[in-house]
Amino acid sequence: MSEFFSPYDADRPLMLKCSCGRDHTVADHHAEVSADAAAATLRQRSETREFELYSNEFIEATLIKALFPQDAVRRRFIKAVGKGTAMAAIASVLPVASLQAMAQEKQGALEKTNLKIGFIPITCATPLIMAHPLGFYSKQGLNVEVTKTAGWALIRDKMINKEYDATHFLSPMPLAISMGLGSNATPMNVATIQNVNGQAITLSLKHKDNRDPKSWKGFKFAIPFEYSMHNFLLRYYLAEAGLNPDTDVQLRVVPPAEMVANLRAGNIDGFLGPDPFNQRAVFEEVGFIHLLTKDLWNGHPCCAFGTSTEFIQKNPNTFAALYRAVLTSAAMARDPKNRELIAKVIAPQAYLNQPEAVINQVLTGKFADGLGKIQNVPDRADFDPMPWQSMAVWMLTQMQRWGYIKGDVDYKQIAEKVFLITDAKKQIKALDQKVPEGAYPKFKIMGREFDAAKAAEYAKSFPIRKAA
């Protein structure tokens with residue numbers, strides 16, 4: 001039995017994290033090494049037999065976790081049909097079949113090998129970015145150009161115009177683009193979540209004695225895009241404090257790279273933005289971290305890796321190769337012992353163009369908060385790739401709450417079209433087995449449970465919302 005994951009063992013829990021429990025040597029936490037040396041060390045780690053086994057199993061366990069978000073259901077299913085039948089059912093569909101074939105070097109021919117992938121220079125894009133210097137794309141037979149892009153509207157337009165083959169998205173963006181909100185309707189898909197947590201509310205230093213959001217009426221806040229978790233989480237937080245985000249404060253769309261400068265100039269009082277810019281505001285001594293968004297919703301999605309539905313349909317083998325490369329990268333990024341080296345790899349100008357110390361503080365979770373304290377929050381940023389469809393449903397409830405969507409919404413239909421999990425449920429049904437109610441785990445946002453099965457009731461339950 002594997003030492004990493006046990007997706008087909010009905011008697012063991014399935015955990016998507018390293019379970020080795022070993023002590024790592026001091027050599028694993030390198031002091032001053034260059035970005036190239038750090039990349040070389042990470043490549044060396046990625047080429048070990050141990051990491052190869054770990055990443056292969058991480059990918060398969062990710063897919064099985066997607067199918068069976070409730071571990072008890074997975075165990076019952078395997079006990080009912082047996083390990084062999086369960087493996088056959090799950091392994092018979094894309095992307096599982098293609099991914100497994102790739103592991104055995106028997107994959108079908110790649111339909112397209114030269115690809116252009118867009119990204120915004122923020123730490124949320126870590127798996128997508130680091131797959132490039134670490135050679136994870138090229139190992140899958142892909143020649144990928146990762147292209148730094150100025151803003152989210154440009155990402156959207158380049159995907160719609162097919163200038164990019166795949167991209168770093170804000171996770172609500174594929175929902176909005178697929179529905180034609182703010183653009184022509186173009187079906188898009190979320191293949192994996194790039195990161196969870198990894199954002200913060202940062203305020204100007206002049207507000208360090210004004211920490212109660214009830215007293216923030218008249219504040220000006222920056223968000224990176226309307227269809228973003230940043231917008232929806234900030235609105236949620238303000239509304240819970242009794243403020244109407246549409247009338248009591250001003251929300252301004254500002255590219256992440258311009259947020260710190262706007263804070264310094266006094267154009268905004270604060271922002272809910274992606275890292276590393278929260279930490280950069282502390283580094284520049286112009287702001288402090290009021291709270292991490294993990295304190296609002298621990299494990300919340302932020303950014304995603306995705307592409308168009310058309311691309312997946314036309315290039316299934318290429319999509320599977322991309323999927324595998326990004327998930328392999330996520331497997332490496334999830335291991336805390338790699339975080340300091342990853343910071344060195346992605347800090348340079350070609351990628352994030354940030355001081356290494358800033359990236360290091362974000363990824364390791366040991367950071368200065370701007371108020372004179374050093375915090376230690378190891379899961380400040382994490383890289384769980386699961387695109388839970390209940391996450392998509394929550395986003396849709398907030399779009400409805402704030403007037404981005406008018407009228408009734410078929411939440412599940414939209415979520416299941418856009419947030420890819422796997423078609424393995426079809427195979428289970430063909431075996432005359434009860435199809436598990438997967439992909440809709442419950443979450444807690446500011447202490448309140450969200451159940452996707454009661455989404456319409458949830459969306460209408462808030463006293464502060466945009467009038468229909």
# chains A, B, ... in the order shown; residues from 1 in each chain; ligands from 1
>>> residues_around(residues="Asp295 in chain A", least_positions_apart="5", cutoff="12 Å", atoms="only C-alpha atoms", output="number ranges by chain")
A: 197-201, 233, 237, 290, 300, 377, 379-381, 444-447
>>> select_by_dssp(residues="range 173-206 of chain A", states="alpha helix (DSSP H)", output="list in words")
Met173, Pro174, Leu175, Ala176, Ile177, Ser178 and Met179 of chain A
>>> closest_residue(among="A:Val409, A:Met159, A:Leu292, A:Ala166", to="Glu457 in chain A", atoms="only C-alpha atoms")
A:Val409
>>> closest_atom_pairs(of="range 278-353 of chain A", to="range 253-270 of chain A", cutoff="12 Å", atoms="only C-alpha atoms", output="Markdown table")
| residue | atom | partner | partner_atom | distance |
| --- | --- | --- | --- | --- |
| A:Asn278 | CA | A:Val260 | CA | 8.0 |
| A:Gln279 | CA | A:Val260 | CA | 9.7 |
| A:Arg280 | CA | A:Val260 | CA | 7.2 |
| A:Ala281 | CA | A:Val260 | CA | 5.6 |
| A:Val282 | CA | A:Val260 | CA | 9.4 |
| A:Phe283 | CA | A:Val260 | CA | 10.2 |
| A:Glu284 | CA | A:Val260 | CA | 8.3 |
| A:Glu285 | CA | A:Arg264 | CA | 9.0 |
| A:Val286 | CA | A:Arg264 | CA | 5.7 |
| A:Gly287 | CA | A:Leu263 | CA | 7.5 |
| A:Phe288 | CA | A:Gly270 | CA | 9.2 |
| A:Ile289 | CA | A:Gly270 | CA | 9.6 |
| A:His290 | CA | A:Gly270 | CA | 9.4 |
| A:Leu291 | CA | A:Gly270 | CA | 11.7 |
| A:Leu352 | CA | A:Ala257 | CA | 9.8 |
| A:Asn353 | CA | A:Ala257 | CA | 10.2 |
>>> select_by_dssp(residues="range 354-409 of chain A", states="strand (DSSP E)", output="ChimeraX atom specification")
/A:366-368,374-376,381-382
>>> residues_around(residues="Leu115 in chain A", least_positions_apart="5", cutoff="7 Å", atoms="only C-alpha atoms", output="list of chain:residue names")
A:Asn143, A:Val144, A:Glu145, A:Asp165
>>> residues_around(residues="Leu134 in chain A", least_positions_apart="2", cutoff="7 Å", atoms="only C-alpha atoms", output="JSON, numbers by chain")
{"A": [39, 43, 130, 131, 132, 136]}
>>> write_last_selection(atoms="all heavy atoms", output="mmCIF file, in the first residue's frame")
data_model
loop_
_atom_site.group_PDB
_atom_site.id
_atom_site.type_symbol
_atom_site.label_atom_id
_atom_site.label_comp_id
_atom_site.auth_asym_id
_atom_site.auth_seq_id
_atom_site.Cartn_x
_atom_site.Cartn_y
_atom_site.Cartn_z
ATOM 1 N N ALA A 39 15.636 26.857 -8.438
ATOM 2 C CA ALA A 39 14.910 26.083 -9.442
ATOM 3 C C ALA A 39 15.586 24.741 -9.683
ATOM 4 O O ALA A 39 14.919 23.705 -9.832
ATOM 5 C CB ALA A 39 14.811 26.874 -10.749
ATOM 6 N N ARG A 43 13.883 21.221 -9.177
ATOM 7 C CA ARG A 43 13.834 20.251 -10.292
ATOM 8 C C ARG A 43 14.408 18.916 -9.852
ATOM 9 O O ARG A 43 13.879 17.849 -10.171
ATOM 10 C CB ARG A 43 14.609 20.785 -11.504
ATOM 11 C CG ARG A 43 13.816 21.729 -12.381
ATOM 12 C CD ARG A 43 14.468 21.913 -13.745
ATOM 13 N NE ARG A 43 15.786 22.515 -13.651
ATOM 14 C CZ ARG A 43 16.004 23.829 -13.625
ATOM 15 N NH1 ARG A 43 14.996 24.684 -13.676
ATOM 16 N NH2 ARG A 43 17.233 24.296 -13.536
ATOM 17 N N MET A 130 5.335 28.296 -11.650
ATOM 18 C CA MET A 130 6.530 27.510 -11.357
ATOM 19 C C MET A 130 6.627 26.258 -12.217
ATOM 20 O O MET A 130 7.705 25.692 -12.375
ATOM 21 C CB MET A 130 6.609 27.158 -9.881
ATOM 22 C CG MET A 130 5.496 26.291 -9.360
ATOM 23 S SD MET A 130 5.653 25.975 -7.583
ATOM 24 C CE MET A 130 6.441 24.374 -7.601
ATOM 25 N N ALA A 131 5.503 25.834 -12.816
ATOM 26 C CA ALA A 131 5.551 24.695 -13.735
ATOM 27 C C ALA A 131 6.443 25.002 -14.935
ATOM 28 O O ALA A 131 6.954 24.086 -15.580
ATOM 29 C CB ALA A 131 4.140 24.347 -14.212
ATOM 30 N N HIS A 132 6.665 26.296 -15.200
ATOM 31 C CA HIS A 132 7.477 26.691 -16.354
ATOM 32 C C HIS A 132 8.975 26.526 -16.066
ATOM 33 O O HIS A 132 9.646 25.716 -16.725
ATOM 34 C CB HIS A 132 7.127 28.125 -16.764
ATOM 35 C CG HIS A 132 7.792 28.577 -18.014
ATOM 36 N ND1 HIS A 132 8.860 29.463 -18.005
ATOM 37 C CD2 HIS A 132 7.574 28.261 -19.315
ATOM 38 C CE1 HIS A 132 9.257 29.671 -19.251
ATOM 39 N NE2 HIS A 132 8.500 28.961 -20.064
ATOM 40 N N PHE A 136 7.836 21.327 -15.786
ATOM 41 C CA PHE A 136 6.706 20.406 -15.722
ATOM 42 C C PHE A 136 5.889 20.411 -17.011
ATOM 43 O O PHE A 136 5.315 19.383 -17.385
ATOM 44 C CB PHE A 136 5.798 20.739 -14.530
ATOM 45 C CG PHE A 136 6.451 20.522 -13.192
ATOM 46 C CD1 PHE A 136 6.008 21.193 -12.066
ATOM 47 C CD2 PHE A 136 7.519 19.644 -13.049
ATOM 48 C CE1 PHE A 136 6.598 20.993 -10.829
ATOM 49 C CE2 PHE A 136 8.127 19.439 -11.815
ATOM 50 C CZ PHE A 136 7.660 20.122 -10.708
#
